[in-house]
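Student: One structure, as structure tokens, below. Some questions next.
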Amino acid sequence: MTKSFSKDLTAFIKDTLWWNLSGGLGYQLYLCFLAALMVLGIYAYFIQINIGLAATNLSNIVSWGFYIANFTFLVGVAAAAVMIILPSYIYKDKDLHKVVIIGEMVAIGALVMCILFVFVDMGGPAKAWHLIPGIGIFNWPTSLLTWDIIVLNGYLALNLLVPTYILFCHYHNRKPDEKKYRPFVFISIFWAFGIHLVTAFLYQGLPARPFWNNPLMGPRFLASAFAAGPALIIVLLGIIDTVTTFKIESQIFNKLRRIIVVAAIINLIMLFSEIFKEFYLPTHHSLPAIYLYFGLDGHNSLVPWIWTAIGMNVTATLTLAFNPGKNNPKVLFPACILLFLGIWIEKGMGLIVPGLVPSPMGEVVSYAPTWVEIAITLGVLALGVFIVTMLLKPALIIEQRFESRNTAAVG
Amino acid sequence: MKTPTLKNCLLGILPAVLVILSGWSVYSEQGGVTRIYKNAVAPFDDEKKLDSILPLAQKTVRVKTRYQGGLFWTETRKDKIERFRCSRCHNNKDVTIERAAEMAHGDIELDHGGQEKPLSCFTCHKEDERDFLETERGVKVDLDHAYQLCGQCHFRQKKDWVGGAHGKRVSYWAGQRVVKNCTSCHDPHSPLFEKRWPKTYSPPYN
Amino acid sequence: MDCRKNKDCLKPKENGRLKAKQYGRREFLKGAAKAAALGGATMLSGCGTGLLGSNDEFSLRWKEYFKKNYRLMTPAEKDETVRRLERLAKIRTDADIQMSAKAPIEGVLFGYAFNVTRCEGYMECVAACVKENNLDRKSNTQYIRIFEMEHGEMSPEVGDGKYFHEVPVEDHFYMGVQCYHCQNAPCTKACPVKATWKEPDGIVVVDYDWCIGCRYCIAACPYYGRRFNWNEPQVPLEEMTKKQHYLGNRMRHKGQMEKCTFCVQRSREGRLPACVEACPTGARVFGNLLDPKSEIRFVLKHKKVFRFKEELGTDPKFWYFID
């Protein structure tokens, strides 16, 4: 039993590796491009280690910037996989079940990026072991950051576990035992809500920052994540549909579009509610919002970004809601990309920087990432895309093979 | 619909317990540091608790009044005045040197009491006994105990000085209480602090 | 589990045997971790200077790298690390420092009061603080900030913290801000590794070497009380304060958080913090809140005091008052 299992495992790993490395010239170039970005990121990170975080534009006032902004946004992307897992496992949706693996792989990539963004934002890599429970000290449950570490790693483990098991079974042309993985699927559904709520609480729990200390933060995080995540998955499915032999039916796009529309509309309602609260009777605590939307004391670097983001969000939401092209990819994909970018701006830099500006002592500063920050971010993103590619390529091959075998057997 | 069992409720019970616990901890901590210090009425024994307090280098003199902790000391004045003792010149003989006053006291710029009520030398200095000061009521005051004289007008400041809200302690927060004298910080002839450039500046924030 | 262990260690008297056992397990785990971290750690902990400069230095730095959080150290271990740091300073910069790990004094809770009427904005305190606490001269780190305020305002948020002209200016007053050493400090709650905490004498301190540099505490602090070492701090040797405390003014490194400690190296010896001693106007009052005869208690009893952003529930031990 164990011997055959280990044999099965070796074959599985061997084949996945082979599938990942083989491909046409376009695929090889694509991998090289990602590798180049990663090398750039590593180079920039070594600069950052060498001279310290002074290599970034962060300061004692804007102490969190581009890294944490991307982290926050990507947690949402990771959590959004639940929007496919939930209907496919709980409501047994056949269409979405076909792409559930893609959602899970995206989540894994996003989570790796999240963890790396937190890692590069730390003072240095040398002291990271202080966080490991047992040898370090883990200030749990007091510190929200420890909660975040738990939920992110836990979600990563869950998302690795279930798809790997299913794929492994499919690879060997066996039916996965649903009893074995179903509990984990259930846990992962709660966990997905957990990762995003906890990340929201990370900010929401700070009375020092009125812009963040807002009970709507958690729900808004969820709504925006459930819009941005599936939007990314739609685009990804489109890409898969064109570049691989794995074909996606149009109902899947339609179902995902509906999910996005609902989430995006809820997101916009909550955004409106927030804006109303900040501007109807502005208080001292509205200064960050004024800084974000209109600029303060001549510092208005965020203003064009946030209005672009709002424009993108509204346009994309309306487009997706009225669906003028009837799921025509030429309308659907740009709308999804718009929504994704809009939420990226709004929930990234548009959330982190105004939380810290004006400073507790009322100082207003501007922040823009340095090339080191941008290079490291690109490196991390490239790694994430690389991981998703590496996971998806064999996964789709296995799924396709399994399906064709089974349909052949039935036929 | 299933009826909720205990197992199903567990997810609800846990957060509820958490909320109650945190609420209780907030409740039990209310009053905070204000309550803590108000409850602290037992005297603090400096000598027993701190052995690192060294005797001060400068000369001190015991203040002729008490503060909430009993006796306290202040910096001396007489050993810091260059030409003390005054009676070396101001004795019962007349000063015969030409422009003596200008030579000896020309540096003094008297700016005390404002424009309406400018003070003169003998508002404070004892005319017939120059080594001493004199209050309005004619009580002789030693220069080391200048606070007695200043406190006539600046009684509010004096009360604060005795208690510890005005002036400052010398070197130690614990141990024998030694405070700066009025004249340690204020020039008695021109007691207002001067306008000057700050010692440093805050770094610019971009 | 970890919480409990920590608590146990804070009460050295009780349950000595259990503690010894736990330490044993700790050491074991640490040994395992050492092997794992070996490659990465040696590579990454090198901050520019030759790592294999000397055997002695290497072994000292090795032990430093794997030391515990300050709160979990026994007095003997505290003493060891302090000696190690002294020797390392000697080897690396030829500085003769005397470092202490003096424990808080029993029956002391430090409090601070700031006389808004008296401060004239000379910034002597800021300069003294920079000097005393070996603050980075390169990035011009300062713990204290003085705000120039117009009459009719009472919050530093609307003041000018960047003034540089002759002071005091007519119709203006000055307000100093620094870490308020909150009794209910949000920063200590935020820290994921318990690298910052409130000592029994009320001082909020940072174990610089335990800090991972995540800066969540900066985000949590409503008073701008914490500073991060964005670069490797630089202090000329001749300007360095040699009398240091492990939790106080010893040299920090890049990627670590630091903050005002009420000059723990001074205040635990009964001396006044550098800012109080330097203040030319006596605007700063410092003392033991638990001592009914202390000056700070007099101020709290007889003056109208207020605290900054009291509504946040941070319970600062720093009061402002007006003559």
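Chain identifiers are assigned as A, B, and so on, following the order in which chains appear in the structure tokens; residues are numbered from 1 within each chain, and ligands are numbered from 1 in order of appearance.
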Identify all residues of segment 17-195 of chain A in helix (DSSP H, G or I) (DSSP on the backbone) and supply them as a PyMOL selection string.
Tutor: chain A and resi 17-21+25-55+66-79+82-90+94-121+128-131+144-171+178-195
Student: May I have the residues of chain B within 7 Å of chain C, counting only C-alpha atoms, written as a VMD selection string?
Tutor: chain B and resid 32 to 33 37 40 to 41 43 to 44 49 to 50 52 to 53 68 to 69 163 to 168 171 to 174 195 to 204
Student: Kindly provide, as a count of residues only, the residues of chain A having any atom no farther than 9 Å from an atom of chain B, counting only C-alpha atoms.
Tutor: 7
Student: Based on the backbone DSSP call, show me all residues of segment 80-267 of chain C assigned strand (DSSP E or B), as a ChimeraX atom specification.
Tutor: /C:98-100,110-115,145-150,160,167,172-177,196-198,204-206,226-228,243-245,257-259
Student: Hey, can you spit out that residue selection with N, CA and C atoms as a tab-separated table (two decimals), in the first residue's frame?
Tutor:
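Below is the file that was written, part-v5.tsv:
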chain	number	residue	atom	x	y	z
C	98	GLN	N	28.82	51.45	29.42
C	98	GLN	CA	28.39	50.70	30.59
C	98	GLN	C	26.90	50.50	30.45
C	99	MET	N	26.51	49.25	30.28
C	99	MET	CA	25.09	48.99	30.09
C	99	MET	C	24.52	48.33	31.34
C	100	SER	N	23.28	48.67	31.64
C	100	SER	CA	22.64	48.04	32.79
C	100	SER	C	21.32	47.44	32.35
C	110	PHE	N	5.68	56.00	37.06
C	110	PHE	CA	6.13	57.31	36.61
C	110	PHE	C	4.99	58.08	35.94
C	111	GLY	N	4.98	59.36	36.22
C	111	GLY	CA	4.01	60.26	35.59
C	111	GLY	C	4.72	61.53	35.18
C	112	TYR	N	4.10	62.22	34.26
C	112	TYR	CA	4.75	63.37	33.65
C	112	TYR	C	3.70	64.46	33.47
C	113	ALA	N	4.08	65.67	33.74
C	113	ALA	CA	3.17	66.78	33.49
C	113	ALA	C	3.89	67.86	32.71
C	114	PHE	N	3.15	68.52	31.86
C	114	PHE	CA	3.75	69.52	30.98
C	114	PHE	C	2.99	70.83	31.16
C	115	ASN	N	3.72	71.87	31.54
C	115	ASN	CA	3.09	73.15	31.78
C	115	ASN	C	3.03	73.94	30.48
C	145	ARG	N	8.52	66.48	20.16
C	145	ARG	CA	8.24	67.54	19.19
C	145	ARG	C	7.56	68.68	19.94
C	146	ILE	N	7.90	69.89	19.54
C	146	ILE	CA	7.27	71.06	20.16
C	146	ILE	C	6.42	71.74	19.10
C	147	PHE	N	5.19	72.00	19.44
C	147	PHE	CA	4.29	72.64	18.49
C	147	PHE	C	4.04	74.08	18.92
C	148	GLU	N	4.15	74.98	17.94
C	148	GLU	CA	3.85	76.38	18.21
C	148	GLU	C	2.38	76.60	17.91
C	149	MET	N	1.67	77.10	18.90
C	149	MET	CA	0.22	77.18	18.76
C	149	MET	C	-0.26	78.60	18.93
C	150	GLU	N	-1.28	78.94	18.18
C	150	GLU	CA	-1.90	80.24	18.35
C	150	GLU	C	-2.90	80.16	19.48
C	160	ASP	N	2.01	74.38	14.77
C	160	ASP	CA	3.09	74.32	13.80
C	160	ASP	C	4.27	73.60	14.44
C	167	VAL	N	12.09	82.49	19.52
C	167	VAL	CA	10.93	82.16	20.34
C	167	VAL	C	11.09	82.81	21.72
C	172	HIS	N	1.53	83.46	20.96
C	172	HIS	CA	1.65	82.03	20.70
C	172	HIS	C	2.05	81.32	21.98
C	173	PHE	N	1.72	80.06	22.05
C	173	PHE	CA	2.24	79.26	23.15
C	173	PHE	C	2.75	77.95	22.59
C	174	TYR	N	3.39	77.16	23.42
C	174	TYR	CA	4.12	75.99	22.93
C	174	TYR	C	3.67	74.74	23.67
C	175	MET	N	3.63	73.67	22.94
C	175	MET	CA	3.13	72.42	23.51
C	175	MET	C	4.05	71.30	23.05
C	176	GLY	N	4.58	70.57	24.02
C	176	GLY	CA	5.48	69.47	23.67
C	176	GLY	C	4.71	68.17	23.61
C	177	VAL	N	5.06	67.33	22.66
C	177	VAL	CA	4.46	66.00	22.61
C	177	VAL	C	5.57	64.97	22.52
C	196	THR	N	7.14	44.91	22.69
C	196	THR	CA	6.93	46.17	23.39
C	196	THR	C	5.90	45.94	24.48
C	197	TRP	N	6.15	46.50	25.63
C	197	TRP	CA	5.25	46.25	26.76
C	197	TRP	C	5.39	47.37	27.78
C	198	LYS	N	4.48	47.34	28.75
C	198	LYS	CA	4.52	48.34	29.80
C	198	LYS	C	5.19	47.73	31.02
C	204	VAL	N	6.59	52.42	28.96
C	204	VAL	CA	6.38	51.54	27.81
C	204	VAL	C	7.71	51.41	27.07
C	205	VAL	N	8.22	50.20	27.02
C	205	VAL	CA	9.56	49.99	26.46
C	205	VAL	C	9.50	49.06	25.25
C	206	VAL	N	10.60	49.01	24.54
C	206	VAL	CA	10.74	48.12	23.39
C	206	VAL	C	11.97	47.26	23.62
C	226	ARG	N	6.04	56.76	18.43
C	226	ARG	CA	7.04	55.73	18.15
C	226	ARG	C	7.83	56.08	16.90
C	227	ARG	N	9.09	55.65	16.91
C	227	ARG	CA	9.97	55.95	15.77
C	227	ARG	C	10.59	54.66	15.26
C	228	PHE	N	10.76	54.60	13.96
C	228	PHE	CA	11.32	53.41	13.34
C	228	PHE	C	12.72	53.74	12.82
C	243	LYS	N	26.59	55.71	29.21
C	243	LYS	CA	25.84	55.04	30.27
C	243	LYS	C	24.49	54.65	29.69
C	244	GLN	N	24.31	53.33	29.51
C	244	GLN	CA	23.14	52.89	28.76
C	244	GLN	C	22.32	51.87	29.53
C	245	HIS	N	21.11	51.69	29.06
C	245	HIS	CA	20.23	50.67	29.61
C	245	HIS	C	19.75	49.79	28.47
C	257	MET	N	12.08	49.17	16.05
C	257	MET	CA	11.29	50.27	16.56
C	257	MET	C	11.96	50.84	17.79
C	258	GLU	N	11.79	52.13	18.02
C	258	GLU	CA	12.28	52.71	19.26
C	258	GLU	C	11.33	53.80	19.70
C	259	LYS	N	11.53	54.28	20.92
C	259	LYS	CA	10.62	55.29	21.43
C	259	LYS	C	11.18	55.90	22.70
Student: Go through chain A and flag each residue having an atom no more than 8 Å from chain C; for those, report the closest pair of atoms plus their distance in Å to one decimal, using only C-alpha atoms, ordered by chain and rising number, as JSON lines.
Tutor:
{"residue": "A:Asn50", "atom": "CA", "partner": "C:Cys47", "partner_atom": "CA", "distance": 7.1}
{"residue": "A:Ile51", "atom": "CA", "partner": "C:Asn231", "partner_atom": "CA", "distance": 6.0}
{"residue": "A:Gly52", "atom": "CA", "partner": "C:Asn231", "partner_atom": "CA", "distance": 4.9}
{"residue": "A:Leu53", "atom": "CA", "partner": "C:Trp230", "partner_atom": "CA", "distance": 4.9}
{"residue": "A:Ala54", "atom": "CA", "partner": "C:Trp230", "partner_atom": "CA", "distance": 4.6}
{"residue": "A:Ser59", "atom": "CA", "partner": "C:Trp230", "partner_atom": "CA", "distance": 7.7}
{"residue": "A:Asn60", "atom": "CA", "partner": "C:Arg227", "partner_atom": "CA", "distance": 6.1}
{"residue": "A:Ile61", "atom": "CA", "partner": "C:Tyr224", "partner_atom": "CA", "distance": 7.8}
{"residue": "A:Ser63", "atom": "CA", "partner": "C:Arg215", "partner_atom": "CA", "distance": 6.8}
{"residue": "A:Trp64", "atom": "CA", "partner": "C:Arg215", "partner_atom": "CA", "distance": 7.6}
{"residue": "A:Val118", "atom": "CA", "partner": "C:Cys214", "partner_atom": "CA", "distance": 7.9}
{"residue": "A:Asp121", "atom": "CA", "partner": "C:Cys214", "partner_atom": "CA", "distance": 6.7}
{"residue": "A:Met122", "atom": "CA", "partner": "C:Cys214", "partner_atom": "CA", "distance": 4.7}
{"residue": "A:Gly123", "atom": "CA", "partner": "C:Gly255", "partner_atom": "CA", "distance": 3.7}
{"residue": "A:Gly124", "atom": "CA", "partner": "C:Gly255", "partner_atom": "CA", "distance": 6.0}
{"residue": "A:Pro125", "atom": "CA", "partner": "C:Leu44", "partner_atom": "CA", "distance": 7.0}
{"residue": "A:Ala126", "atom": "CA", "partner": "C:Leu44", "partner_atom": "CA", "distance": 5.7}
{"residue": "A:Lys127", "atom": "CA", "partner": "C:Ile212", "partner_atom": "CA", "distance": 5.5}
{"residue": "A:Ala128", "atom": "CA", "partner": "C:Ile212", "partner_atom": "CA", "distance": 6.4}
{"residue": "A:His130", "atom": "CA", "partner": "C:Val193", "partner_atom": "CA", "distance": 6.6}
{"residue": "A:Leu131", "atom": "CA", "partner": "C:Val193", "partner_atom": "CA", "distance": 6.0}
{"residue": "A:Pro133", "atom": "CA", "partner": "C:Asp2", "partner_atom": "CA", "distance": 7.5}
{"residue": "A:Gly134", "atom": "CA", "partner": "C:Leu29", "partner_atom": "CA", "distance": 7.2}
{"residue": "A:Ile135", "atom": "CA", "partner": "C:Lys30", "partner_atom": "CA", "distance": 5.7}
{"residue": "A:Gly136", "atom": "CA", "partner": "C:Val193", "partner_atom": "CA", "distance": 7.5}
{"residue": "A:Ile137", "atom": "CA", "partner": "C:Val193", "partner_atom": "CA", "distance": 5.1}
{"residue": "A:Phe138", "atom": "CA", "partner": "C:Val193", "partner_atom": "CA", "distance": 5.2}
{"residue": "A:Asn139", "atom": "CA", "partner": "C:Pro192", "partner_atom": "CA", "distance": 4.9}
{"residue": "A:Trp140", "atom": "CA", "partner": "C:Pro192", "partner_atom": "CA", "distance": 7.4}
{"residue": "A:Thr142", "atom": "CA", "partner": "C:Lys189", "partner_atom": "CA", "distance": 5.9}
{"residue": "A:Ser143", "atom": "CA", "partner": "C:Ala190", "partner_atom": "CA", "distance": 4.7}
{"residue": "A:Leu144", "atom": "CA", "partner": "C:Ala190", "partner_atom": "CA", "distance": 6.7}
{"residue": "A:Leu145", "atom": "CA", "partner": "C:Pro192", "partner_atom": "CA", "distance": 5.8}
{"residue": "A:Thr146", "atom": "CA", "partner": "C:Pro192", "partner_atom": "CA", "distance": 5.5}
{"residue": "A:Leu206", "atom": "CA", "partner": "C:Ala220", "partner_atom": "CA", "distance": 5.5}
{"residue": "A:Pro207", "atom": "CA", "partner": "C:Leu312", "partner_atom": "CA", "distance": 6.5}
{"residue": "A:Ala208", "atom": "CA", "partner": "C:Pro222", "partner_atom": "CA", "distance": 4.1}
{"residue": "A:Arg209", "atom": "CA", "partner": "C:Pro222", "partner_atom": "CA", "distance": 7.1}
{"residue": "A:Leu356", "atom": "CA", "partner": "C:Ala219", "partner_atom": "CA", "distance": 7.2}
{"residue": "A:Ser359", "atom": "CA", "partner": "C:Tyr224", "partner_atom": "CA", "distance": 7.2}
{"residue": "A:Pro360", "atom": "CA", "partner": "C:Tyr223", "partner_atom": "CA", "distance": 5.5}
{"residue": "A:Met361", "atom": "CA", "partner": "C:Glu157", "partner_atom": "CA", "distance": 4.5}
{"residue": "A:Gly362", "atom": "CA", "partner": "C:Glu157", "partner_atom": "CA", "distance": 4.2}
{"residue": "A:Glu363", "atom": "CA", "partner": "C:Glu157", "partner_atom": "CA", "distance": 7.4}
Student: Please provide as JSON, numbers by chain all residues within 12 Å of Thr183 of chain B, with the sequence filter that same-chain residues fewer than 6 positions apart are discarded (counting only C-alpha atoms).
Tutor: {"B": [74, 75, 76, 77, 78, 80, 81, 143, 144, 145, 146, 147, 148, 149, 150, 167, 189, 190, 191, 192]}
Student: Would you work out the distance separating atom CA of Asp241 of chain A from atom CA of Asn313 of chain A, expressed in Å to one decimal?
Tutor: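 Here the two named atoms are 25.5 Å from each other.
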Student: Can you pull out every residue within 8 Å of segment 149-166 of chain A, counting only C-alpha atoms, but drop anything in the same chain fewer than 5 positions away, and send it as a ChimeraX atom specification?
Tutor: /A:101,104-105,107-108,111-112,115,176,181,184-185,188,191-192,194-195,198
Student: Quick one: residues within 7 Å of Ile84 of chain A, only C-alpha atoms counted, chain neighbours fewer than 5 positions away excluded, as an mmCIF file with N, CA and C atoms, in the first residue's frame?
Tutor:
data_model
loop_
_atom_site.group_PDB
_atom_site.id
_atom_site.type_symbol
_atom_site.label_atom_id
_atom_site.label_comp_id
_atom_site.auth_asym_id
_atom_site.auth_seq_id
_atom_site.Cartn_x
_atom_site.Cartn_y
_atom_site.Cartn_z
ATOM 1 N N LEU A 96 -19.955 25.784 -12.084
ATOM 2 C CA LEU A 96 -18.888 26.394 -11.296
ATOM 3 C C LEU A 96 -17.951 25.332 -10.755
ATOM 4 N N VAL A 100 -13.830 25.374 -10.166
ATOM 5 C CA VAL A 100 -13.511 25.651 -8.768
ATOM 6 C C VAL A 100 -12.001 25.546 -8.518
ATOM 7 N N GLY A 103 -10.288 28.782 -9.131
ATOM 8 C CA GLY A 103 -10.451 29.718 -8.012
ATOM 9 C C GLY A 103 -9.496 29.398 -6.890
#
Student: Do you have the atom CA of Cys89 of chain B-atom CA of His125 of chain B distance handy?
Tutor: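 Separating atom CA of Cys89 of chain B from atom CA of His125 of chain B is a distance of 14.7 Å.
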Student: Near segment 341-345 of chain A, counting only C-alpha atoms, which residues have an atom at most 8 Å away, once you skip same-chain residues fewer than 5 positions from it, shown as a list in words?
Tutor: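 Listing them by chain and then by number gives Asn70, Phe73, Ser224, Ala228, Trp305, Ile306, Thr308, Ala309, Ile310, Gly311, Met312, Asn313 and Gly350 of chain A.
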Student: Here is a test: counting only C-alpha atoms, which residue of A:Tyr91, A:Val243, A:Asp8, A:Cys169 is nearest to Lys393 of chain A?
Tutor: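 Closest candidate: A:Val243.
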